[in-house]
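Undergrad: Structure file upload27.csv (CSV, C-alpha atoms and all ligand atoms) is given on the next line.
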chain,number,residue,atom,x,y,z
A,73,MET,CA,-65.6,-70.0,-29.1
A,74,GLU,CA,-67.1,-69.7,-25.6
A,75,ILE,CA,-65.1,-70.3,-22.4
A,76,ASN,CA,-66.9,-71.7,-19.3
A,77,ASP,CA,-65.6,-69.8,-16.3
A,78,LYS,CA,-68.5,-70.6,-13.9
A,79,SER,CA,-66.3,-72.6,-11.5
A,80,ARG,CA,-64.0,-69.7,-10.8
A,81,VAL,CA,-64.1,-68.1,-7.3
A,82,THR,CA,-64.3,-64.5,-8.3
A,83,SER,CA,-66.6,-61.5,-8.0
A,84,TYR,CA,-66.2,-61.0,-11.7
A,85,GLN,CA,-67.0,-63.4,-14.6
A,86,ALA,CA,-64.9,-62.5,-17.6
A,87,ASN,CA,-66.6,-62.4,-21.0
A,88,SER,CA,-66.7,-66.0,-22.3
A,89,LYS,CA,-65.9,-64.7,-25.8
A,90,ARG,CA,-62.9,-62.6,-24.8
A,91,TYR,CA,-60.5,-64.2,-27.2
A,92,ASN,CA,-62.7,-64.1,-30.2
A,93,ASN,CA,-61.8,-60.7,-31.7
A,94,MET,CA,-58.4,-59.6,-30.3
A,95,ILE,CA,-55.3,-60.0,-32.5
A,96,TYR,CA,-52.2,-61.4,-30.7
A,97,LYS,CA,-48.8,-60.6,-32.0
A,98,ARG,CA,-45.4,-62.3,-31.3
A,99,THR,CA,-42.9,-60.2,-29.4
A,100,GLY,CA,-39.7,-60.4,-31.4
A,101,LYS,CA,-38.4,-64.0,-31.6
A,102,SER,CA,-39.8,-65.0,-28.2
A,103,GLY,CA,-42.6,-67.4,-27.3
A,104,VAL,CA,-44.8,-64.6,-26.0
A,105,LEU,CA,-47.9,-63.3,-27.8
A,106,LEU,CA,-49.2,-59.9,-26.8
A,107,PRO,CA,-52.6,-58.4,-27.6
A,108,ALA,CA,-52.4,-55.8,-30.4
A,109,LEU,CA,-53.7,-53.3,-27.7
A,110,SER,CA,-52.4,-53.4,-24.2
A,111,LEU,CA,-53.5,-51.3,-21.2
A,112,GLY,CA,-51.3,-48.9,-19.3
A,113,LEU,CA,-52.0,-47.7,-15.7
A,114,TRP,CA,-49.8,-44.6,-15.7
A,115,HIS,CA,-52.8,-42.3,-15.3
A,116,ASN,CA,-56.3,-42.9,-13.9
A,117,PHE,CA,-55.3,-45.6,-11.4
A,118,GLY,CA,-53.8,-43.7,-8.5
A,119,PHE,CA,-55.3,-42.9,-5.1
A,120,VAL,CA,-56.4,-39.6,-6.5
A,121,ASP,CA,-58.6,-41.4,-9.0
A,122,ASN,CA,-61.8,-43.3,-8.7
A,123,LEU,CA,-61.1,-47.0,-7.9
A,124,GLN,CA,-64.4,-48.2,-9.4
A,125,ASN,CA,-63.7,-46.5,-12.7
A,126,GLY,CA,-60.2,-48.2,-12.7
A,127,ARG,CA,-61.9,-51.5,-12.0
A,128,ASP,CA,-64.3,-50.9,-14.8
A,129,ILE,CA,-61.5,-50.1,-17.3
A,130,LEU,CA,-59.5,-53.3,-16.3
A,131,ARG,CA,-62.6,-55.6,-16.5
A,132,THR,CA,-63.5,-54.1,-19.9
A,133,ALA,CA,-59.9,-54.6,-21.1
A,134,PHE,CA,-59.8,-58.2,-20.2
A,135,ASP,CA,-63.3,-58.8,-21.6
A,136,LEU,CA,-62.0,-57.4,-24.9
A,137,GLY,CA,-59.1,-59.8,-24.9
A,138,ILE,CA,-56.5,-57.4,-23.6
A,139,THR,CA,-54.3,-59.7,-21.5
A,140,HIS,CA,-51.4,-57.3,-20.9
A,141,PHE,CA,-51.5,-54.7,-18.2
A,142,ASP,CA,-48.5,-52.3,-17.8
A,143,LEU,CA,-47.5,-50.7,-14.5
A,144,ALA,CA,-44.5,-49.0,-13.0
A,145,ASN,CA,-43.3,-48.5,-9.4
A,146,ASN,CA,-44.1,-44.8,-9.5
A,147,TYR,CA,-47.5,-44.7,-11.3
A,148,GLY,CA,-50.1,-42.9,-9.3
A,149,PRO,CA,-50.1,-40.3,-7.9
A,150,PRO,CA,-48.9,-40.8,-5.2
A,151,TYR,CA,-46.0,-43.1,-6.3
A,152,GLY,CA,-46.9,-46.8,-5.8
A,153,SER,CA,-50.6,-46.2,-5.6
A,154,ALA,CA,-51.4,-47.6,-9.1
A,155,GLU,CA,-49.7,-50.8,-8.1
A,156,GLU,CA,-51.6,-50.9,-4.8
A,157,ASN,CA,-55.0,-50.2,-6.5
A,158,PHE,CA,-54.2,-52.8,-9.1
A,159,GLY,CA,-53.4,-55.2,-6.3
A,160,THR,CA,-56.8,-54.6,-4.7
A,161,ILE,CA,-58.6,-55.1,-8.1
A,162,PHE,CA,-56.5,-58.1,-8.9
A,163,LYS,CA,-57.3,-59.8,-5.6
A,164,ASN,CA,-61.0,-59.3,-6.1
A,165,ASP,CA,-61.4,-59.9,-9.8
A,166,PHE,CA,-58.4,-61.4,-11.5
A,167,LYS,CA,-56.7,-63.7,-9.1
A,168,SER,CA,-58.2,-66.8,-10.8
A,169,TYR,CA,-57.2,-65.5,-14.2
A,170,ARG,CA,-53.5,-64.9,-13.3
A,171,ASP,CA,-52.2,-67.4,-15.9
A,172,GLU,CA,-54.2,-65.6,-18.6
A,173,LEU,CA,-52.5,-62.3,-17.8
A,174,PHE,CA,-49.2,-60.7,-18.7
A,175,ILE,CA,-48.3,-58.1,-16.1
A,176,ALA,CA,-45.5,-55.6,-16.3
A,177,THR,CA,-43.8,-53.3,-13.9
A,178,LYS,CA,-40.7,-51.1,-14.1
A,179,ALA,CA,-38.2,-49.2,-12.0
A,180,GLY,CA,-35.8,-46.4,-13.2
A,181,TYR,CA,-37.4,-43.1,-12.4
A,182,ASP,CA,-37.6,-41.3,-9.0
A,183,MET,CA,-39.4,-43.5,-6.5
A,184,TRP,CA,-38.3,-43.0,-2.9
A,185,PRO,CA,-36.0,-40.4,-1.2
A,186,GLY,CA,-32.3,-40.8,-0.8
A,187,PRO,CA,-29.6,-42.2,-3.1
A,188,TYR,CA,-31.2,-45.7,-3.6
A,189,GLY,CA,-34.6,-44.8,-5.0
A,190,ASN,CA,-33.8,-43.7,-8.6
A,191,PHE,CA,-32.0,-44.6,-11.8
A,192,GLY,CA,-30.3,-48.0,-12.3
A,193,SER,CA,-28.3,-49.4,-9.4
A,194,ARG,CA,-28.7,-53.1,-8.4
A,195,LYS,CA,-29.7,-51.8,-4.9
A,196,TYR,CA,-32.6,-49.8,-6.4
A,197,LEU,CA,-33.9,-52.4,-8.9
A,198,ILE,CA,-33.9,-55.3,-6.5
A,199,SER,CA,-35.6,-53.4,-3.7
A,200,SER,CA,-38.1,-51.9,-6.1
A,201,ILE,CA,-39.3,-55.2,-7.6
A,202,ASP,CA,-39.8,-56.6,-4.0
A,203,GLN,CA,-41.9,-53.5,-3.2
A,204,SER,CA,-43.9,-53.8,-6.4
A,205,LEU,CA,-44.7,-57.5,-5.9
A,206,LYS,CA,-45.9,-56.7,-2.4
A,207,ARG,CA,-48.1,-53.8,-3.5
A,208,MET,CA,-49.7,-55.8,-6.3
A,209,GLY,CA,-50.0,-59.0,-4.3
A,210,LEU,CA,-48.2,-61.0,-6.9
A,211,ASP,CA,-45.6,-63.8,-6.6
A,212,TYR,CA,-43.9,-62.6,-9.9
A,213,VAL,CA,-44.4,-60.2,-12.8
A,214,ASP,CA,-44.3,-61.4,-16.3
A,215,ILE,CA,-41.9,-58.7,-17.4
A,216,PHE,CA,-39.8,-56.3,-15.4
A,217,TYR,CA,-38.3,-53.3,-17.2
A,218,HIS,CA,-35.5,-50.9,-16.5
A,219,HIS,CA,-37.5,-47.8,-17.1
A,220,ARG,CA,-34.8,-45.5,-18.5
A,221,PRO,CA,-31.1,-45.6,-19.1
A,222,ASP,CA,-28.9,-44.4,-16.3
A,223,PRO,CA,-25.8,-42.5,-17.5
A,224,ASP,CA,-23.8,-43.1,-14.4
A,225,THR,CA,-24.3,-46.7,-13.5
A,226,PRO,CA,-22.4,-49.3,-15.5
A,227,LEU,CA,-24.8,-51.1,-17.8
A,228,GLU,CA,-23.4,-54.4,-16.6
A,229,GLU,CA,-24.7,-53.6,-13.1
A,230,THR,CA,-28.2,-52.7,-14.2
A,231,MET,CA,-28.5,-55.7,-16.6
A,232,GLY,CA,-27.0,-58.0,-14.0
A,233,ALA,CA,-29.8,-56.9,-11.6
A,234,LEU,CA,-32.4,-57.7,-14.2
A,235,ALA,CA,-30.8,-61.1,-14.7
A,236,ASP,CA,-30.9,-61.9,-11.0
A,237,ILE,CA,-34.5,-60.8,-10.7
A,238,VAL,CA,-35.3,-63.4,-13.4
A,239,ARG,CA,-33.2,-66.0,-11.6
A,240,GLN,CA,-34.9,-65.3,-8.3
A,241,GLY,CA,-38.2,-66.0,-10.0
A,242,LYS,CA,-39.6,-62.5,-9.5
A,243,ALA,CA,-40.0,-61.9,-13.3
A,244,LEU,CA,-40.3,-64.2,-16.2
A,245,TYR,CA,-38.8,-61.8,-18.9
A,246,VAL,CA,-37.0,-58.5,-18.9
A,247,GLY,CA,-37.3,-55.4,-20.9
A,248,ILE,CA,-35.9,-51.9,-21.2
A,249,SER,CA,-37.6,-48.6,-21.9
A,250,ASN,CA,-36.5,-45.3,-23.4
A,251,TYR,CA,-33.1,-46.7,-24.4
A,252,LYS,CA,-31.6,-45.2,-27.6
A,253,PRO,CA,-30.5,-47.6,-30.4
A,254,ASN,CA,-26.8,-47.7,-29.4
A,255,GLU,CA,-27.7,-48.2,-25.7
A,256,THR,CA,-30.2,-50.9,-26.7
A,257,LYS,CA,-27.5,-52.7,-28.7
A,258,GLU,CA,-25.2,-52.8,-25.7
A,259,ALA,CA,-27.9,-53.9,-23.3
A,260,ALA,CA,-29.0,-56.7,-25.7
A,261,LYS,CA,-25.4,-58.0,-25.9
A,262,ILE,CA,-25.0,-58.1,-22.1
A,263,LEU,CA,-28.4,-59.8,-21.6
A,264,LYS,CA,-27.6,-62.3,-24.3
A,265,ASP,CA,-24.3,-63.2,-22.6
A,266,LEU,CA,-26.2,-63.5,-19.3
A,267,LYS,CA,-28.8,-65.7,-21.1
A,268,VAL,CA,-31.7,-63.6,-19.9
A,269,PRO,CA,-34.9,-63.5,-21.9
A,270,PHE,CA,-34.9,-59.9,-23.1
A,271,ILE,CA,-38.1,-59.6,-25.2
A,272,LEU,CA,-39.4,-56.0,-25.2
A,273,HIS,CA,-38.4,-52.5,-25.6
A,274,GLN,CA,-41.0,-50.0,-24.5
A,275,ALA,CA,-40.7,-46.8,-26.5
A,276,ARG,CA,-42.8,-43.7,-27.2
A,277,TYR,CA,-44.2,-43.9,-30.7
A,278,SER,CA,-47.0,-42.1,-32.4
A,279,ILE,CA,-47.8,-40.3,-35.6
A,280,LEU,CA,-46.5,-37.2,-33.9
A,281,ASP,CA,-43.3,-38.8,-32.5
A,282,ARG,CA,-41.5,-41.1,-34.9
A,283,TRP,CA,-38.0,-41.3,-33.3
A,284,VAL,CA,-38.1,-45.1,-33.2
A,285,GLU,CA,-38.0,-45.2,-37.0
A,286,ASP,CA,-34.5,-43.8,-36.9
A,287,GLY,CA,-32.7,-47.0,-36.1
A,288,LEU,CA,-34.4,-48.4,-33.1
A,289,LEU,CA,-37.0,-50.7,-34.8
A,290,GLU,CA,-34.3,-52.0,-37.1
A,291,ASN,CA,-32.0,-52.6,-34.2
A,292,LEU,CA,-34.7,-54.5,-32.2
A,293,GLU,CA,-35.4,-56.7,-35.2
A,294,GLN,CA,-31.7,-57.6,-35.4
A,295,HIS,CA,-31.8,-58.7,-31.8
A,296,GLY,CA,-35.1,-60.5,-32.0
A,297,VAL,CA,-36.7,-58.1,-29.5
A,298,GLY,CA,-40.3,-56.7,-29.9
A,299,CYS,CA,-41.3,-53.1,-29.5
A,300,ILE,CA,-44.3,-52.0,-27.4
A,301,ALA,CA,-45.4,-48.5,-28.3
A,302,PHE,CA,-46.4,-46.2,-25.4
A,303,SER,CA,-48.4,-42.9,-25.7
A,304,PRO,CA,-49.7,-44.0,-29.1
A,305,LEU,CA,-52.4,-41.3,-29.0
A,306,ALA,CA,-49.8,-38.6,-27.9
A,307,GLN,CA,-51.6,-38.6,-24.5
A,308,GLY,CA,-55.0,-37.9,-26.1
A,309,MET,CA,-53.9,-35.4,-28.8
A,310,LEU,CA,-54.5,-38.0,-31.5
A,311,THR,CA,-58.2,-38.4,-30.7
A,312,ASN,CA,-61.2,-36.2,-31.4
A,313,LYS,CA,-61.0,-34.8,-27.8
A,314,TYR,CA,-59.1,-31.6,-28.5
A,315,LEU,CA,-60.6,-30.7,-31.9
A,316,LYS,CA,-62.7,-27.9,-30.4
A,317,GLY,CA,-60.5,-26.8,-27.5
A,318,VAL,CA,-59.3,-28.3,-24.2
A,319,PRO,CA,-62.1,-29.9,-22.2
A,320,LYS,CA,-62.1,-29.4,-18.5
A,321,ASN,CA,-61.6,-33.0,-17.4
A,322,SER,CA,-58.9,-33.9,-20.1
A,323,ARG,CA,-55.3,-34.8,-19.4
A,324,ALA,CA,-54.1,-31.5,-21.0
A,325,ALA,CA,-56.3,-29.5,-18.5
A,326,LYS,CA,-55.4,-31.6,-15.4
A,327,ASP,CA,-51.8,-32.9,-15.8
A,328,LEU,CA,-49.8,-29.9,-16.9
A,329,THR,CA,-46.4,-31.6,-16.4
A,330,HIS,CA,-46.7,-34.1,-19.3
A,331,LEU,CA,-49.3,-32.4,-21.5
A,332,ASN,CA,-50.6,-28.9,-21.5
A,333,PRO,CA,-53.0,-26.7,-23.5
A,334,GLU,CA,-50.0,-24.9,-25.3
A,335,THR,CA,-48.7,-28.2,-26.7
A,336,VAL,CA,-52.2,-29.1,-27.9
A,337,THR,CA,-52.6,-25.7,-29.6
A,338,GLU,CA,-49.2,-26.2,-31.2
A,339,HIS,CA,-50.3,-29.5,-32.8
A,340,LEU,CA,-53.9,-28.5,-33.6
A,341,ASP,CA,-53.5,-27.9,-37.3
A,342,LYS,CA,-51.9,-31.4,-37.8
A,343,ILE,CA,-54.5,-33.0,-35.6
A,344,GLN,CA,-57.3,-31.5,-37.7
A,345,HIS,CA,-55.7,-32.6,-41.0
A,346,LEU,CA,-55.1,-36.1,-39.6
A,347,ASN,CA,-58.7,-36.3,-38.5
A,348,ILE,CA,-59.9,-35.7,-42.1
A,349,ILE,CA,-57.9,-38.7,-43.3
A,350,ALA,CA,-59.3,-40.8,-40.5
A,351,LYS,CA,-62.8,-39.9,-41.4
A,352,GLU,CA,-62.2,-40.8,-45.1
A,353,ARG,CA,-61.0,-44.2,-43.8
A,354,GLY,CA,-64.2,-44.6,-41.9
A,355,GLN,CA,-62.3,-44.4,-38.6
A,356,LYS,CA,-61.9,-42.1,-35.6
A,357,LEU,CA,-58.6,-40.4,-35.3
A,358,SER,CA,-57.6,-42.5,-32.3
A,359,GLN,CA,-58.4,-45.7,-34.2
A,360,MET,CA,-56.3,-44.6,-37.2
A,361,ALA,CA,-53.4,-43.6,-34.9
A,362,ILE,CA,-53.4,-47.1,-33.3
A,363,ALA,CA,-53.7,-48.9,-36.7
A,364,TRP,CA,-50.9,-46.7,-38.1
A,365,ILE,CA,-48.5,-48.0,-35.4
A,366,LEU,CA,-49.6,-51.6,-35.8
A,367,ARG,CA,-48.5,-51.5,-39.5
A,368,GLN,CA,-44.9,-51.9,-38.2
A,369,PRO,CA,-43.9,-55.6,-38.1
A,370,GLN,CA,-41.6,-55.0,-35.1
A,371,VAL,CA,-44.4,-53.6,-33.0
A,372,ALA,CA,-45.9,-56.4,-30.8
A,373,SER,CA,-48.4,-54.2,-29.1
A,374,VAL,CA,-49.8,-50.7,-28.8
A,375,LEU,CA,-49.9,-49.6,-25.2
A,376,VAL,CA,-52.9,-47.3,-24.7
A,377,GLY,CA,-54.1,-45.4,-21.7
A,378,ALA,CA,-57.8,-44.7,-21.0
A,379,SER,CA,-59.8,-42.6,-18.5
A,380,SER,CA,-63.0,-44.6,-19.2
A,381,ALA,CA,-64.0,-48.0,-20.3
A,382,ASN,CA,-65.8,-46.5,-23.3
A,383,GLN,CA,-62.5,-45.0,-24.6
A,384,LEU,CA,-61.0,-48.5,-24.5
A,385,LYS,CA,-63.9,-50.0,-26.3
A,386,ASP,CA,-63.6,-47.3,-29.0
A,387,ASN,CA,-59.9,-47.8,-29.4
A,388,VAL,CA,-60.1,-51.6,-29.9
A,389,LYS,CA,-62.2,-50.9,-32.9
A,390,ALA,CA,-59.0,-49.8,-34.6
A,391,LEU,CA,-58.6,-53.5,-35.4
A,392,ASP,CA,-61.5,-53.2,-37.8
A,393,ASN,CA,-59.3,-51.4,-40.4
A,394,LEU,CA,-55.6,-52.0,-40.2
A,395,GLU,CA,-54.8,-51.6,-43.9
A,396,PHE,CA,-53.3,-48.3,-45.3
A,397,THR,CA,-53.0,-47.3,-48.9
A,398,TYR,CA,-49.7,-45.9,-50.1
A,399,GLN,CA,-51.6,-42.6,-50.7
A,400,GLU,CA,-52.9,-42.5,-47.1
A,401,LEU,CA,-49.4,-43.1,-45.6
A,402,LYS,CA,-48.0,-40.4,-47.8
A,403,LEU,CA,-50.6,-37.9,-46.8
A,404,ILE,CA,-49.9,-38.7,-43.1
A,405,ASP,CA,-46.1,-38.3,-43.7
A,406,ASP,CA,-46.7,-35.0,-45.4
A,407,ILE,CA,-48.9,-33.7,-42.6
A,408,VAL,CA,-46.4,-34.4,-39.8
A,409,ALA,CA,-43.2,-33.7,-41.9
A,501,LIG,N1,-42.0,-46.4,-20.4
A,501,LIG,C1,-42.3,-45.1,-20.3
A,501,LIG,O1,-41.5,-44.3,-20.0
A,501,LIG,C2,-43.8,-44.7,-20.4
A,501,LIG,C3,-44.1,-43.4,-20.5
A,501,LIG,C4,-45.5,-43.0,-20.7
A,501,LIG,C5,-46.4,-44.0,-20.7
A,501,LIG,N2,-46.0,-45.3,-20.6
A,501,LIG,C6,-47.0,-46.4,-20.6
A,501,LIG,O2,-47.9,-46.3,-21.7
A,501,LIG,C7,-49.3,-46.2,-21.3
A,501,LIG,C8,-50.1,-45.3,-22.2
A,501,LIG,O3,-49.6,-44.0,-22.2
A,501,LIG,P1,-50.5,-42.8,-22.4
A,501,LIG,O4,-51.6,-42.9,-21.3
A,501,LIG,O5,-49.7,-41.5,-22.5
A,501,LIG,O6,-51.2,-43.2,-23.8
A,501,LIG,P2,-52.2,-42.6,-24.8
A,501,LIG,O7,-53.0,-43.7,-25.3
A,501,LIG,O8,-51.4,-41.8,-25.8
A,501,LIG,O9,-53.1,-41.6,-24.0
A,501,LIG,C9,-54.1,-42.0,-23.2
A,501,LIG,C10,-55.1,-40.8,-22.9
A,501,LIG,O10,-55.7,-40.4,-24.1
A,501,LIG,C11,-57.1,-40.1,-23.9
A,501,LIG,N3,-57.9,-41.1,-24.7
A,501,LIG,C12,-57.6,-42.4,-24.9
A,501,LIG,N4,-58.5,-43.0,-25.7
A,501,LIG,C13,-59.4,-42.0,-26.1
A,501,LIG,C14,-60.5,-41.9,-26.9
A,501,LIG,N5,-61.0,-43.0,-27.6
A,501,LIG,N6,-61.1,-40.7,-27.1
A,501,LIG,C15,-60.7,-39.6,-26.4
A,501,LIG,N7,-59.6,-39.6,-25.6
A,501,LIG,C16,-58.9,-40.8,-25.4
A,501,LIG,C17,-57.3,-40.3,-22.4
A,501,LIG,O11,-57.0,-39.0,-21.8
A,501,LIG,P3,-58.1,-38.2,-20.9
A,501,LIG,O12,-57.7,-38.4,-19.5
A,501,LIG,O13,-57.8,-36.8,-21.4
A,501,LIG,O14,-59.4,-38.7,-21.2
A,501,LIG,C18,-56.2,-41.3,-22.0
A,501,LIG,O15,-55.9,-41.3,-20.7
A,501,LIG,C19,-49.1,-45.7,-19.9
A,501,LIG,O16,-50.3,-46.0,-19.1
A,501,LIG,C20,-47.9,-46.4,-19.4
A,501,LIG,O17,-48.3,-47.8,-19.1
A,501,LIG,C21,-44.7,-45.7,-20.5
Go through the file and emit its structure as structure tokens.
Ligand SMILES: NC(=O)c1ccc[n+]([C@@H]2O[C@H](COP(=O)([O-])OP(=O)(O)OC[C@H]3O[C@@H](n4cnc5c(N)ncnc54)[C@H](OP(=O)(O)O)[C@@H]3O)[C@@H](O)[C@H]2O)c1
TA:
Amino acid sequence: MEINDKSRVTSYQANSKRYNNMIYKRTGKSGVLLPALSLGLWHNFGFVDNLQNGRDILRTAFDLGITHFDLANNYGPPYGSAEENFGTIFKNDFKSYRDELFIATKAGYDMWPGPYGNFGSRKYLISSIDQSLKRMGLDYVDIFYHHRPDPDTPLEETMGALADIVRQGKALYVGISNYKPNETKEAAKILKDLKVPFILHQARYSILDRWVEDGLLENLEQHGVGCIAFSPLAQGMLTNKYLKGVPKNSRAAKDLTHLNPETVTEHLDKIQHLNIIAKERGQKLSQMAIAWILRQPQVASVLVGASSANQLKDNVKALDNLEFTYQELKLIDDIVA
């Protein structure tokens, strides 16, 4: 099918065949379909990065049928700059496509100085969504997440703030991130009582980090909530990037806080073995890593990052082979056991 976008007032004409090849999956029991791959703006979209490259990645994503972009108040660096850059690109390229996009932001980690710019108070979340909307130039986000559990704020307060953000029309749906299974269960109960559309849990999940399999996925299914898996490539370790050492411009060489050369070395043996299985499947390691997550019925989308448009194009090819034999799954289990 081809879409005629010629009448749109925009500097960018999206690919008229953008919906032809992407797979869309339902998030839990909601009405929302998400692309099997979504794009995260944690890295590569801050003021420290090249805006044109970010623009290229976002355009490529949408051209490939990736309708979901994931942000957070503190993505950058500096904090807030990924939202601001996204706002600039959105204004120029995507404004007329707003209703084709599902845009997320979050609050929960350190954002501004003093007692009100972190964790889960009502004061923090409501101020933060207002700031995020301003930076992105949006009237509302499609989903607003509490980014991490706050051990000291009553859950009723945090969930109550999410509910009010929806009632104020600043978000259509809500989600939580990094909540453990028991915390998720409690949050789901409160949100259900508040009649708030809680549709997604954003959780780290990859072949190298399988904690969600210990109760969380089951728990989400019971509550009709979908899972969106972040860092599916273990920040790049599950690609062919580190097979022969740590390249200069890679995340492990640049961002030593979240990934460093020592962690890569620690995992190298597993990565090399996994790469052999991927090759036998006729896939790149990154493609196998994405397909492996999509085998879980509770996973609505795999949230990838990319430092170039080509990486994204490469990753979307994961959809060409989503089937795994019992033998392949067993081999993967054995390698990471
Ligand atoms: N809720 C949370 O707490 C939380 C936490 C983390 C992330 N997230 C979300 O999840 C998104 C994705 O996280 P992530 O960036 O860690 O995901 P990821 O997909 O595991 O890692 C992305 C990185 O892997 C490398 N890469 C990707 N495709 C590649 C390819 N085909 N070949 C070689 N290298 C490739 C690139 O790193 P190089 O720079 O080395 O090229 C890229 O920036 C974030 O943007 C954010 O939206 C959420």
Undergrad: One decimal, Å: what's the distance from atom CA of A:Ala144 over to atom C9 of ligand LIG 501 (chain A), could you say?
TA: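 If I compute the distance from atom CA of A:Ala144 to atom C9 of ligand LIG 501 (chain A), I get 15.7 Å.
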Undergrad: What is the distance, in Å and to one decimal place, between atom CA of A:Trp283 and atom CA of A:Ala350?
TA: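 Separation between atom CA of A:Trp283 and atom CA of A:Ala350: 22.5 Å.
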Undergrad: Near stretch 172-183 of chain A, counting all atoms listed in the file, which residues have an atom at most 9 Å away, once you skip same-chain residues fewer than 5 positions from it, shown as an mmCIF file with C-alpha atoms, keeping the file's coordinate frame?
TA:
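Output file out_20.cif follows:
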data_model
loop_
_atom_site.group_PDB
_atom_site.id
_atom_site.type_symbol
_atom_site.label_atom_id
_atom_site.label_comp_id
_atom_site.auth_asym_id
_atom_site.auth_seq_id
_atom_site.Cartn_x
_atom_site.Cartn_y
_atom_site.Cartn_z
ATOM 1 C CA LEU A 106 -49.200 -59.900 -26.800
ATOM 2 C CA PHE A 134 -59.800 -58.200 -20.200
ATOM 3 C CA ILE A 138 -56.500 -57.400 -23.600
ATOM 4 C CA THR A 139 -54.300 -59.700 -21.500
ATOM 5 C CA HIS A 140 -51.400 -57.300 -20.900
ATOM 6 C CA PHE A 141 -51.500 -54.700 -18.200
ATOM 7 C CA ASP A 142 -48.500 -52.300 -17.800
ATOM 8 C CA LEU A 143 -47.500 -50.700 -14.500
ATOM 9 C CA ALA A 144 -44.500 -49.000 -13.000
ATOM 10 C CA ASN A 145 -43.300 -48.500 -9.400
ATOM 11 C CA ASN A 146 -44.100 -44.800 -9.500
ATOM 12 C CA TYR A 151 -46.000 -43.100 -6.300
ATOM 13 C CA GLY A 152 -46.900 -46.800 -5.800
ATOM 14 C CA GLU A 155 -49.700 -50.800 -8.100
ATOM 15 C CA PHE A 166 -58.400 -61.400 -11.500
ATOM 16 C CA TYR A 188 -31.200 -45.700 -3.600
ATOM 17 C CA GLY A 189 -34.600 -44.800 -5.000
ATOM 18 C CA ASN A 190 -33.800 -43.700 -8.600
ATOM 19 C CA PHE A 191 -32.000 -44.600 -11.800
ATOM 20 C CA GLY A 192 -30.300 -48.000 -12.300
ATOM 21 C CA SER A 193 -28.300 -49.400 -9.400
ATOM 22 C CA TYR A 196 -32.600 -49.800 -6.400
ATOM 23 C CA LEU A 197 -33.900 -52.400 -8.900
ATOM 24 C CA SER A 200 -38.100 -51.900 -6.100
ATOM 25 C CA ILE A 201 -39.300 -55.200 -7.600
ATOM 26 C CA SER A 204 -43.900 -53.800 -6.400
ATOM 27 C CA TYR A 212 -43.900 -62.600 -9.900
ATOM 28 C CA VAL A 213 -44.400 -60.200 -12.800
ATOM 29 C CA ASP A 214 -44.300 -61.400 -16.300
ATOM 30 C CA ILE A 215 -41.900 -58.700 -17.400
ATOM 31 C CA PHE A 216 -39.800 -56.300 -15.400
ATOM 32 C CA TYR A 217 -38.300 -53.300 -17.200
ATOM 33 C CA HIS A 218 -35.500 -50.900 -16.500
ATOM 34 C CA HIS A 219 -37.500 -47.800 -17.100
ATOM 35 C CA ARG A 220 -34.800 -45.500 -18.500
ATOM 36 C CA PRO A 221 -31.100 -45.600 -19.100
ATOM 37 C CA ASP A 222 -28.900 -44.400 -16.300
ATOM 38 C CA ALA A 243 -40.000 -61.900 -13.300
ATOM 39 C CA GLY A 247 -37.300 -55.400 -20.900
ATOM 40 C CA ILE A 248 -35.900 -51.900 -21.200
ATOM 41 C CA SER A 249 -37.600 -48.600 -21.900
#
Undergrad: Quick check, in Å to one decimal: how far apart do atom CA of A:Asp224 and atom CA of A:Asn254 lie?
TA: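 Between these atoms lies a distance of 16.0 Å.
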Undergrad: Might you pull out every residue within 8 Å of A:Arg367, with all atoms listed in the file counted and same-chain residues fewer than 3 positions away left off, and present them as a list in words?
TA: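 So, after excluding close chain neighbours, the residues are Ala363, Trp364, Val371, Leu394 and Glu395 of chain A.
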Undergrad: Please, could you write that set of residues out with C-alpha atoms as a tab-separated table (two decimals), keeping the file's coordinate frame?
TA:
chain	number	residue	atom	x	y	z
A	363	ALA	CA	-53.70	-48.90	-36.70
A	364	TRP	CA	-50.90	-46.70	-38.10
A	371	VAL	CA	-44.40	-53.60	-33.00
A	394	LEU	CA	-55.60	-52.00	-40.20
A	395	GLU	CA	-54.80	-51.60	-43.90
Undergrad: Name all residues at most 12 Å from A:His339 (count only C-alpha atoms; drop same-chain ones fewer than 3 positions away) and give them as a compact mmCIF listing (two decimals) with C-alpha atoms, keeping the file's coordinate frame.
TA:
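Listing of result33.txt after writing:
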# COMPACT_ATOMS: atom_id res chain seq x y z
CA ILE A 279 -47.80 -40.30 -35.60
CA LEU A 280 -46.50 -37.20 -33.90
CA ASP A 281 -43.30 -38.80 -32.50
CA ALA A 306 -49.80 -38.60 -27.90
CA GLY A 308 -55.00 -37.90 -26.10
CA MET A 309 -53.90 -35.40 -28.80
CA LEU A 310 -54.50 -38.00 -31.50
CA TYR A 314 -59.10 -31.60 -28.50
CA LEU A 315 -60.60 -30.70 -31.90
CA GLY A 317 -60.50 -26.80 -27.50
CA LEU A 331 -49.30 -32.40 -21.50
CA ASN A 332 -50.60 -28.90 -21.50
CA PRO A 333 -53.00 -26.70 -23.50
CA GLU A 334 -50.00 -24.90 -25.30
CA THR A 335 -48.70 -28.20 -26.70
CA VAL A 336 -52.20 -29.10 -27.90
CA LYS A 342 -51.90 -31.40 -37.80
CA ILE A 343 -54.50 -33.00 -35.60
CA GLN A 344 -57.30 -31.50 -37.70
CA HIS A 345 -55.70 -32.60 -41.00
CA LEU A 346 -55.10 -36.10 -39.60
CA ILE A 407 -48.90 -33.70 -42.60
CA VAL A 408 -46.40 -34.40 -39.80
Undergrad: Between A:Lys167, A:Lys101, A:Arg282, A:Lys89, single out the one closest to A:Gln294, counting all atoms listed in the file.
TA: A:Lys101
